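What follows is a single structure, written as structure tokens, with notes after it.
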Amino acid sequence: MLPPAHINLFSHARGPPQRRRALAFCAPFAVMLASLDPSGPIGSVLLPLLKIAALLATGYTVHRALSPPNPPPAPKTCIDNRTLFERAIRHVTFCSKMLTWTIVLCDALATLHLAAPTPLTHPAASLLFPGPLSSHPSPLTLLSPPSTPLPSPTPSPLPTLARTLTAPHPLLLLGAALAIAGGALRLACFRALGALFTFELTISPAHTLVTSGPYACVRHPSYAGVYAVLLGASAVMFAPGAWLREAWLVPGARAGSAWAARALGVRAALQGGERYGEAVAAAAAAVVAGGQESVGAADVGVGAGAGAVLAWAFVAFWTAKVVYALRSTNRRVGTEDAHLRRVFGAQWEEWAGRVRWKLVPWVY
């Protein structure tokens, strides 16, 4: 993350305007690819490749953006190590990198298996998906009382899941683009600050204030890059069509709803036979209505309790970690400005008067 003093001048052949033009040039092609028919001959090849490329690019970007470019500084140069975040900053970023790599690699492997299954991908697929995929009962079978005829067997959700996972959702592509843009901004700050860029808040007599390059637009561009990287990676991992969401989160939530509806029916049965039938019908209708909004893979997650619990635990942990990291980063902005003002005085005042925005131009 951005140290409190900005050294070295920023000079690159490809500045922000060039990157913005490149993104504007590539965006229509990404939208066009995302709108292709996954079942067509072109879409069945290009769309999985596009998704896998977006996943791997996100993992690489997060890794580079959150890897310290320099070793830790001497403790005596650190200006703020009182909080847990400041003491564990490198552990927090390492955790973010490993979690991101785990999810994007699993998603890429699942997409590859569904798009072009081979004997090499089958062993991993048995771990990536609740299985056997075609043997799980429908939620309606859990709701039906013994005296009620069971519905006809539901078809395997694998074809629907394959169509969903192999076609990248626009939100996934947008998240990947946001993460890549944030990573590019972070790397630009790494190069601008050179050997004095540290994840710890440090200051030394050799520091000079840099006000050119990205620092001519906002005062803390590296922190803006952190926001973009983490939010973009979150969108990639949890977007519609993402492996974690479609294979575990949605089916797990649907299975939980089915069991809750079954419990409601059992409770109603204890109160009266007629109310049992009404409760079962209402619960079944609610489950079916909710299932129509998903990918049709409700059957996949029923019975895969342990995997669903782990998936939702990951969501809770990742969300808490990202919120904690972003809040702590925002607090760092004030701490860094205070120390820069103390050290550079009038020079900082003139810069802050010219560059009013901390993270996002015309916003904050």
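Ligands are numbered from 1 in the order shown, residues from 1 within each chain, and chains are lettered A, B, ... in the order they appear in the structure tokens.
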Applying 10 Å and only C-alpha atoms, which residues near A:Gly307 remain after dropping the ones on its own chain fewer than 2 positions away? List them as a PyMOL selection string.
chain A and resi 127-130+247-249+252+301+303-305+309-313
What lies within 7 Å of A:Cys78 using only C-alpha atoms, ignoring chain neighbours under 5 positions off, as a PyMOL selection string?
chain A and resi 200-203
Print the selection's residues with C-alpha atoms to a file, as a PDB file, in the first residue's frame.
```pdb
ATOM      1  CA  GLU A 200       3.898  -0.083   6.115  1.00  0.00           C
ATOM      2  CA  LEU A 201       3.432   3.635   6.838  1.00  0.00           C
ATOM      3  CA  THR A 202       6.977   4.961   6.893  1.00  0.00           C
ATOM      4  CA  ILE A 203       8.792   8.258   6.600  1.00  0.00           C
TER       5      ILE A 203
END
```
Closest atom pairs, residues of stretch 101-132 of chain A within 8 Å of stretch 56-63 of chain A, only C-alpha atoms, as JSON lines:
```
{"residue": "A:Trp101", "atom": "CA", "partner": "A:Gly59", "partner_atom": "CA", "distance": 5.3}
{"residue": "A:Val104", "atom": "CA", "partner": "A:Gly59", "partner_atom": "CA", "distance": 6.4}
{"residue": "A:Leu105", "atom": "CA", "partner": "A:Leu56", "partner_atom": "CA", "distance": 7.2}
{"residue": "A:Ala108", "atom": "CA", "partner": "A:Leu56", "partner_atom": "CA", "distance": 7.6}
```
With distances taken over only C-alpha atoms, the candidate from A:Ala177, A:Met237, A:Leu196, A:Val210 nearest A:Thr100 is A:Met237
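For stretch 83-89 of chain A, the list of residues within 9 Å, based on only C-alpha atoms and with local chain neighbours fewer than 6 positions off taken out, reads Met1, Phe199, Glu200, Leu201, Tyr324, Ala325, Ser328 and Thr329 of chain A.
For the residues A:Val322, A:Leu66, A:Ala206, A:Ala54, ranking by smallest atom-to-atom distance to A:Thr93 using only C-alpha atoms places A:Leu66 first.
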Which is closer to A:Leu55 than all the others in A:Trp243, A:Phe344, A:Tyr364, A:Phe314, using only C-alpha atoms?
A:Trp243
Show me, as a list in words, the residues that have an atom within 10 Å of A:Ala239 when counting only C-alpha atoms, minus same-chain residues fewer than 5 positions from it.
Pro168, His169, Pro170, Leu171, Leu172, Leu173, Leu174, Gly175, Ala233, Ser234, Leu244, Arg245 and Glu246 of chain A
Nearest residue to A:Ala346 from the set A:Ala53, A:Ala65, A:Val92, A:Leu209 (distances using only C-alpha atoms):
A:Leu209
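You can rank A:Thr335, A:Ser96, A:Ser212, A:Thr102 by their closest distance to A:Val229 using only C-alpha atoms, and at the top of that list sits A:Ser96.
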